[in-house]
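Participant: Have a look at this one before I ask anything.
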Amino acid sequence: MTDESDAESISKPDPLPDIHPQSMMVMGNKGTGKTYYAKALCRHHGYTTLVCTPHLHDFDDEPDNFIFYDDYKPKDPDSVEETLRFAKKLAQDGHIDVVLIDEFDMPFRHNWDVGDDTHDVIINQRHYG
């Protein structure tokens, strides 16, 4: 049995710092909550988020800080390159905080030959803004 003075001497651990990652890629099996987690993170922090997805219905109830890029065609690597060029410009100009690309693997299932902007943003994980 622990007396009260012993219990008072045991300190609680410091809280975790409020971490804001500069770059994050969430990967996992289908249906494990990757998109759900990314949306919740952006919603919680109020990040201005450029959303590129073939599943717009998954984002029906999101707040105004979610901006949708309608020209995203995930099966076309050229469209992905144009999307990232657009996102890069928005970030450099300070208009967005996050680019959320749902189903990012679709254009690269058979070919990882990517353009300069895709390479710069995804592979080099450059940060703008």
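Here's how to read the names in the structure tokens: chain A, B, ... by the order shown, residue numbers from 1 in each chain, ligand numbers from 1 in the order shown.
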Enumerate, as a PyMOL selection string, the complete set of residues in region 8-103 of chain A that a backbone-based DSSP assignment places in strand (DSSP E).

Facilitator: chain A and resi 49-52+66-68+98-101

Participant: Which residues are near Asn65 (chain A)? Cut-off 10 Å, only C-alpha atoms, ignore same chain within fewer than 4 positions. Put them as a compact mmCIF listing (two decimals) with N, CA, C and O atoms, in the first residue's frame.

Facilitator:
```txt
# COMPACT_ATOMS: atom_id res chain seq x y z
N CYS A 42 -6.62 17.84 -40.57
CA CYS A 42 -6.78 19.15 -41.22
C CYS A 42 -7.93 19.93 -40.61
O CYS A 42 -7.84 21.15 -40.41
N ARG A 43 -9.02 19.24 -40.31
CA ARG A 43 -10.18 19.89 -39.70
C ARG A 43 -9.83 20.41 -38.30
O ARG A 43 -10.13 21.55 -37.96
N GLY A 46 -7.52 23.36 -38.51
CA GLY A 46 -8.02 24.45 -39.33
C GLY A 46 -7.14 24.77 -40.52
O GLY A 46 -7.14 25.87 -41.04
N TYR A 47 -6.38 23.76 -40.96
CA TYR A 47 -5.50 23.97 -42.11
C TYR A 47 -6.32 24.25 -43.37
O TYR A 47 -7.33 23.57 -43.62
N THR A 48 -5.90 25.20 -44.18
CA THR A 48 -6.49 25.41 -45.49
C THR A 48 -5.95 24.28 -46.36
O THR A 48 -4.75 24.17 -46.58
N THR A 49 -6.85 23.43 -46.83
CA THR A 49 -6.47 22.17 -47.45
C THR A 49 -6.96 22.09 -48.89
O THR A 49 -8.15 22.23 -49.15
N LEU A 50 -6.03 21.85 -49.81
CA LEU A 50 -6.39 21.58 -51.19
C LEU A 50 -6.64 20.08 -51.29
O LEU A 50 -5.75 19.27 -51.00
N ILE A 96 -2.58 27.93 -49.29
CA ILE A 96 -2.93 26.63 -48.70
C ILE A 96 -1.85 26.20 -47.72
O ILE A 96 -0.70 26.61 -47.82
N ASP A 97 -2.27 25.34 -46.79
CA ASP A 97 -1.34 24.76 -45.81
C ASP A 97 -1.04 23.30 -46.12
O ASP A 97 0.03 22.80 -45.80
```

Participant: Within region 33-75 of chain A, find each residue whose DSSP state, derived from the backbone, is alpha helix (DSSP H), and express the selection as a PyMOL selection string.

Facilitator: chain A and resi 34-45

Participant: Leaving out Lys30 (chain A) and any residue of its chain fewer than 3 positions from it, which residues lie within 12 Å of it when counting only C-alpha atoms, given as a list in words?

Facilitator: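 These residues fall inside the cut-off: Val26, Met27, Gly33, Lys34, Thr35, Tyr36, Asp102, Glu103 and Asp105 of chain A.
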
Participant: Any chance you could export the current selection's N, CA, C and O atoms as a PDB file, in the first residue's frame?

Facilitator:
```pdb
ATOM      1  N   VAL A  26       0.603   9.155 -45.404  1.00  0.00           N
ATOM      2  CA  VAL A  26      -0.117   8.122 -44.672  1.00  0.00           C
ATOM      3  C   VAL A  26      -0.389   6.989 -45.643  1.00  0.00           C
ATOM      4  O   VAL A  26      -1.012   7.192 -46.680  1.00  0.00           O
ATOM      5  N   MET A  27       0.109   5.806 -45.305  1.00  0.00           N
ATOM      6  CA  MET A  27      -0.046   4.643 -46.184  1.00  0.00           C
ATOM      7  C   MET A  27      -0.662   3.509 -45.378  1.00  0.00           C
ATOM      8  O   MET A  27      -0.451   3.413 -44.176  1.00  0.00           O
ATOM      9  N   GLY A  33      -8.702   3.800 -42.667  1.00  0.00           N
ATOM     10  CA  GLY A  33      -8.935   5.120 -42.097  1.00  0.00           C
ATOM     11  C   GLY A  33      -7.917   6.179 -42.462  1.00  0.00           C
ATOM     12  O   GLY A  33      -7.826   7.208 -41.794  1.00  0.00           O
ATOM     13  N   LYS A  34      -7.147   5.963 -43.512  1.00  0.00           N
ATOM     14  CA  LYS A  34      -6.119   6.942 -43.910  1.00  0.00           C
ATOM     15  C   LYS A  34      -6.734   8.293 -44.255  1.00  0.00           C
ATOM     16  O   LYS A  34      -6.306   9.325 -43.742  1.00  0.00           O
ATOM     17  N   THR A  35      -7.747   8.293 -45.108  1.00  0.00           N
ATOM     18  CA  THR A  35      -8.392   9.543 -45.505  1.00  0.00           C
ATOM     19  C   THR A  35      -9.122  10.154 -44.316  1.00  0.00           C
ATOM     20  O   THR A  35      -9.063  11.367 -44.104  1.00  0.00           O
ATOM     21  N   TYR A  36      -9.768   9.337 -43.530  1.00  0.00           N
ATOM     22  CA  TYR A  36     -10.463   9.812 -42.333  1.00  0.00           C
ATOM     23  C   TYR A  36      -9.485  10.540 -41.400  1.00  0.00           C
ATOM     24  O   TYR A  36      -9.769  11.621 -40.899  1.00  0.00           O
ATOM     25  N   ASP A 102      -5.968  12.019 -52.278  1.00  0.00           N
ATOM     26  CA  ASP A 102      -6.582  10.720 -52.003  1.00  0.00           C
ATOM     27  C   ASP A 102      -6.344   9.808 -53.202  1.00  0.00           C
ATOM     28  O   ASP A 102      -6.393  10.262 -54.347  1.00  0.00           O
ATOM     29  N   GLU A 103      -6.083   8.543 -52.948  1.00  0.00           N
ATOM     30  CA  GLU A 103      -5.820   7.562 -54.012  1.00  0.00           C
ATOM     31  C   GLU A 103      -4.597   7.963 -54.845  1.00  0.00           C
ATOM     32  O   GLU A 103      -4.578   7.822 -56.057  1.00  0.00           O
ATOM     33  N   ASP A 105      -1.824   6.606 -55.286  1.00  0.00           N
ATOM     34  CA  ASP A 105      -1.125   5.530 -55.988  1.00  0.00           C
ATOM     35  C   ASP A 105      -1.725   5.198 -57.351  1.00  0.00           C
ATOM     36  O   ASP A 105      -1.090   4.535 -58.168  1.00  0.00           O
TER      37      ASP A 105
END
```

Participant: So which one's closest to Asp76 (chain A), A:Met106, A:Pro63, A:His57, A:Val51? Using only C-alpha atoms, please.

Facilitator: A:Met106

Participant: Ranking A:Phe86, A:His95, A:Lys39, A:Asp117 by minimum distance to Asp60 (chain A) and counting only C-alpha atoms, which one comes first?

Facilitator: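 Answer, going by the shortest atom-to-atom distance: A:Lys39.
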
Participant: Using only C-alpha atoms, which of the listed residues (A:Leu100, A:Arg85, A:Gly28, A:Gly94) sits closest to Pro54 (chain A)?

Facilitator: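 The answer is A:Leu100, which sits nearest to Pro54 (chain A).
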